[in-house]
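Let me begin by presenting the structure, written as structure tokens, before commenting on it.
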Amino acid sequence: MRIDVTTRLVYDLPAETHMLALVQAARSADQRILSERLVVAPESLAEEVDGEGLRWLRGRIGGRLELTYTATIDNGARRLLPPSAVQVSRSDLPLAVLPYLLPSRFCPSDLFLRFAAREFGPHGDGVARVMAVADWIAAHVDYVAGVSTAESDAAHTFTLRAGVCRDFAHLGITLCRALGIPARAVSCYAVDLDPPDFHAVMEVFLGQDWWLVDLTRLAPIEGLVRIGHGRDAADIAFLTTDGPCELVEQQIAATATPG
């Protein structure tokens, strides 16, 4: 699938601040960037690419920031989570994957060990457990905007039984980690998302590979464009500053194109 993405962000910053932005499509094996254009005014943010293909913009800026990013992405025939993918024992996991088994700020998996074992343990391992988690969330958590905040974690969502995409992802990640399945948060552009916005999904490590899972079921996996990944939302925020900033304008779009 070819996907056209567009982002326009406009902010007012009353004082000069350090800024970190993550809005560009990642360089990864399952998506190819055919074309792209980034315009930042003023030109105060520089791109840095980390060892996993995530493309960070950072710098110091004050006053008005205007950022526009457009790109065409080809993610080919993106592989879906296969029924045969199995859970990998902790001793056989790659070292780089191990941090995604641990509790994090928004994913307190250590608090869910007994619940996860009782609710999902009988489902075998691997894909069966992940799908049982996904089905449980679909049955017990409502997609409702405005009921969570930037401070809400998976325990809050579990209690409230409502939230938005990042809350769904945090709860799924938490439950998978409690089952011994490495899981991480992924920020992305998403075709057919209504209303259009940045989207958060989960990624699980099974059978020596990472697999995308949208727990909200609002967007097709083949219609996702990766931006960033990390332990939870704190690692994949599209904008992070150390000072106040006011949103003036935000436009986000992802559209599938023929060819």
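Here, A, B, ... name the chains of the structure tokens in the order displayed, residue numbers run from 1 inside each chain, and ligands are numbered from 1 in the same displayed order.
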Set out as JSON lines a contact list for segment 100-170 of chain A and segment 184-197 of chain A with a cut-off of 10 Å, giving each residue of segment 100-170 of chain A that qualifies its closest atom pair and distance in Å to one decimal, counting only C-alpha atoms, ordered by chain and rising residue number.
{"residue": "A:Tyr100", "atom": "CA", "partner": "A:Arg184", "partner_atom": "CA", "distance": 6.0}
{"residue": "A:Leu101", "atom": "CA", "partner": "A:Arg184", "partner_atom": "CA", "distance": 8.8}
{"residue": "A:Cys107", "atom": "CA", "partner": "A:Arg184", "partner_atom": "CA", "distance": 9.6}
{"residue": "A:Arg166", "atom": "CA", "partner": "A:Ala185", "partner_atom": "CA", "distance": 8.3}
{"residue": "A:Ala169", "atom": "CA", "partner": "A:Ala185", "partner_atom": "CA", "distance": 6.6}
{"residue": "A:His170", "atom": "CA", "partner": "A:Ala185", "partner_atom": "CA", "distance": 7.3}
What lies within 8 Å of Gly76 of chain A using only C-alpha atoms, ignoring chain neighbours under 6 positions off, as an NGL selection string? :A and (1-2 or 30-31)
Any chance you can output those residues with N, CA, C and O atoms as a compact mmCIF listing (two decimals), in the first residue's frame?
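Saved the output as part-v8.txt:
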# COMPACT_ATOMS: atom_id res chain seq x y z
N MET A 1 0.84 -1.20 0.00
CA MET A 1 0.00 0.00 0.00
C MET A 1 0.88 1.25 0.00
O MET A 1 1.85 1.34 0.77
N ARG A 2 0.53 2.21 -0.86
CA ARG A 2 1.20 3.51 -0.83
C ARG A 2 0.33 4.49 -0.04
O ARG A 2 -0.88 4.54 -0.21
N ASP A 30 10.02 -2.49 6.98
CA ASP A 30 8.66 -2.75 6.49
C ASP A 30 8.00 -1.52 5.89
O ASP A 30 6.80 -1.52 5.66
N GLN A 31 8.77 -0.47 5.64
CA GLN A 31 8.21 0.67 4.91
C GLN A 31 9.33 1.41 4.19
O GLN A 31 10.44 1.54 4.69
My list of candidates is A:Leu179, A:Val164, A:Ile236, A:Ala154. Which is closest to Pro122 of chain A when distances are computed with only C-alpha atoms? A:Leu179
Go through segment 100-199 of chain A and collect every residue that DSSP, computed from the backbone, puts in helix (DSSP H, G or I); the answer should be as JSON, numbers by chain. {"A": [100, 101, 109, 110, 111, 112, 113, 114, 115, 116, 117, 118, 119, 120, 121, 122, 123, 127, 128, 129, 130, 131, 132, 133, 134, 135, 136, 137, 138, 139, 140, 154, 155, 156, 157, 158, 159, 160, 165, 166, 167, 168, 169, 170, 171, 172, 173, 174, 175, 176, 177, 178]}
Pick out the closest residue to Arg114 of chain A from this set: A:Cys245, A:Arg231, A:Ala178, A:Thr7. Count only C-alpha atoms.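 For Arg114 of chain A, the nearest of the candidates is A:Ala178.
Minimum atom-to-atom distance to Gln87 of chain A, evaluated using only C-alpha atoms, belongs to A:Phe205 out of A:Trp211, A:Phe205, A:Tyr11, A:Phe238.
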Contacts of Ile33 of chain A within 9 Å, only C-alpha atoms, excl. fewer than 3 positions in-chain, as a PyMOL selection string: chain A and resi 25-27+36+71-75
Please indicate the distance in Å from atom CA of Thr159 of chain A to atom CA of Phe115 of chain A, rounded to one decimal place.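 Computing the Euclidean distance for atom CA of Thr159 of chain A and atom CA of Phe115 of chain A yields 13.0 Å.
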Extract, using only C-alpha atoms, all DNA, RNA and protein residues at most 9 Å from segment 82-85 of chain A, discarding same-chain residues fewer than 2 positions from it, and format them as a list of chain:residue names.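 So the residues in contact are A:Arg79, A:Leu80, A:Gln87, A:Gly126, A:Val127, A:Ala128, A:Leu206, A:Gly207, A:Gln208, A:Asp209, A:Trp211.
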Do a neighbour search on segment 14-16 of chain A at 12 Å with only C-alpha atoms, toss out local chain neighbours closer than 2 positions, and write the hits as a PyMOL selection string. chain A and resi 11-12+18-19+44+59-65+241-247
Expected answer as a PyMOL selection string: strand (DSSP E or B) residues in segment 165-245 of chain A: chain A and resi 183-190+199-206+209-213+224-230+239-241
Next, write the just-selected residues to a file, as a tab-separated table (two decimals), in the first residue's frame, keeping N, CA and C atoms as the atom set.
chain	number	residue	atom	x	y	z
A	183	ALA	N	6.65	-6.13	24.69
A	183	ALA	CA	5.70	-5.27	23.99
A	183	ALA	C	6.15	-3.83	24.11
A	184	ARG	N	5.89	-3.05	23.07
A	184	ARG	CA	6.29	-1.65	23.08
A	184	ARG	C	5.25	-0.79	22.38
A	185	ALA	N	5.33	0.50	22.61
A	185	ALA	CA	4.40	1.45	22.00
A	185	ALA	C	4.96	1.95	20.68
A	186	VAL	N	4.07	2.15	19.71
A	186	VAL	CA	4.47	2.64	18.39
A	186	VAL	C	3.58	3.82	18.02
A	187	SER	N	4.19	4.94	17.64
A	187	SER	CA	3.43	6.07	17.11
A	187	SER	C	3.43	5.97	15.60
A	188	CYS	N	2.33	6.38	14.98
A	188	CYS	CA	2.22	6.20	13.54
A	188	CYS	C	1.17	7.13	12.94
A	189	TYR	N	1.24	7.24	11.62
A	189	TYR	CA	0.14	7.78	10.84
A	189	TYR	C	-0.76	6.60	10.48
A	190	ALA	N	-2.06	6.85	10.37
A	190	ALA	CA	-2.98	5.74	10.14
A	190	ALA	C	-4.04	6.12	9.11
A	199	HIS	N	-1.53	8.35	15.77
A	199	HIS	CA	-2.16	7.15	16.31
A	199	HIS	C	-1.12	6.37	17.11
A	200	ALA	N	-1.57	5.69	18.16
A	200	ALA	CA	-0.70	4.86	18.98
A	200	ALA	C	-1.18	3.42	18.94
A	201	VAL	N	-0.26	2.49	18.66
A	201	VAL	CA	-0.59	1.08	18.62
A	201	VAL	C	0.45	0.31	19.44
A	202	MET	N	0.25	-0.99	19.54
A	202	MET	CA	1.17	-1.86	20.27
A	202	MET	C	1.96	-2.71	19.28
A	203	GLU	N	3.16	-3.08	19.69
A	203	GLU	CA	3.97	-4.00	18.91
A	203	GLU	C	4.48	-5.09	19.86
A	204	VAL	N	4.33	-6.34	19.47
A	204	VAL	CA	4.75	-7.46	20.32
A	204	VAL	C	5.87	-8.23	19.63
A	205	PHE	N	6.75	-8.80	20.44
A	205	PHE	CA	7.86	-9.58	19.92
A	205	PHE	C	7.54	-11.06	20.07
A	206	LEU	N	7.32	-11.71	18.94
A	206	LEU	CA	7.00	-13.14	18.90
A	206	LEU	C	7.79	-13.78	17.76
A	209	ASP	N	10.58	-11.68	15.92
A	209	ASP	CA	10.27	-10.49	15.14
A	209	ASP	C	9.22	-9.66	15.88
A	210	TRP	N	9.12	-8.39	15.47
A	210	TRP	CA	8.11	-7.49	16.03
A	210	TRP	C	6.88	-7.47	15.12
A	211	TRP	N	5.68	-7.43	15.75
A	211	TRP	CA	4.43	-7.45	15.00
A	211	TRP	C	3.50	-6.36	15.53
A	212	LEU	N	2.93	-5.58	14.60
A	212	LEU	CA	2.03	-4.49	14.97
A	212	LEU	C	0.63	-5.02	15.31
A	213	VAL	N	0.03	-4.43	16.35
A	213	VAL	CA	-1.33	-4.77	16.77
A	213	VAL	C	-2.04	-3.47	17.14
A	224	LEU	N	-0.74	1.58	8.34
A	224	LEU	CA	0.03	2.31	9.35
A	224	LEU	C	1.39	2.71	8.80
A	225	VAL	N	1.82	3.91	9.12
A	225	VAL	CA	3.17	4.39	8.80
A	225	VAL	C	3.89	4.63	10.11
A	226	ARG	N	4.94	3.86	10.35
A	226	ARG	CA	5.69	4.00	11.60
A	226	ARG	C	6.35	5.37	11.72
A	227	ILE	N	6.29	5.94	12.92
A	227	ILE	CA	7.06	7.15	13.22
A	227	ILE	C	8.11	6.84	14.27
A	228	GLY	N	7.67	6.31	15.42
A	228	GLY	CA	8.61	6.01	16.49
A	228	GLY	C	8.13	4.85	17.34
A	229	HIS	N	9.03	4.31	18.16
A	229	HIS	CA	8.65	3.27	19.10
A	229	HIS	C	9.44	3.44	20.39
A	230	GLY	N	8.89	2.90	21.47
A	230	GLY	CA	9.55	3.02	22.75
A	230	GLY	C	8.80	2.26	23.82
A	239	LEU	N	5.97	15.70	20.21
A	239	LEU	CA	6.60	16.97	20.57
A	239	LEU	C	6.90	16.98	22.07
A	240	THR	N	8.14	17.27	22.42
A	240	THR	CA	8.54	17.37	23.81
A	240	THR	C	9.34	18.65	24.00
A	241	THR	N	8.99	19.46	24.98
A	241	THR	CA	9.71	20.70	25.27
A	241	THR	C	9.99	20.79	26.76
Residue nearest Leu81 of chain A among A:Met131, A:Thr6, A:Thr157, A:Ala253 (counting only C-alpha atoms): A:Met131
Can you work out which one of A:Gly51, A:Ile137, A:Tyr69, A:Ala162 has the shortest atom-to-atom distance to Leu38 of chain A, counting only C-alpha atoms? A:Tyr69
Nearest to Arg105 of chain A, chosen from A:Ser152, A:Glu222, A:Asp50, A:Arg177, with only C-alpha atoms counted in the distances: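 Going through A:Ser152, A:Glu222, A:Asp50, A:Arg177 one by one, the smallest distance to Arg105 of chain A is for A:Ser152.
The two atoms in question, atom CA of Gly163 of chain A and atom CA of Ser109 of chain A, are spaced 18.0 Å apart.
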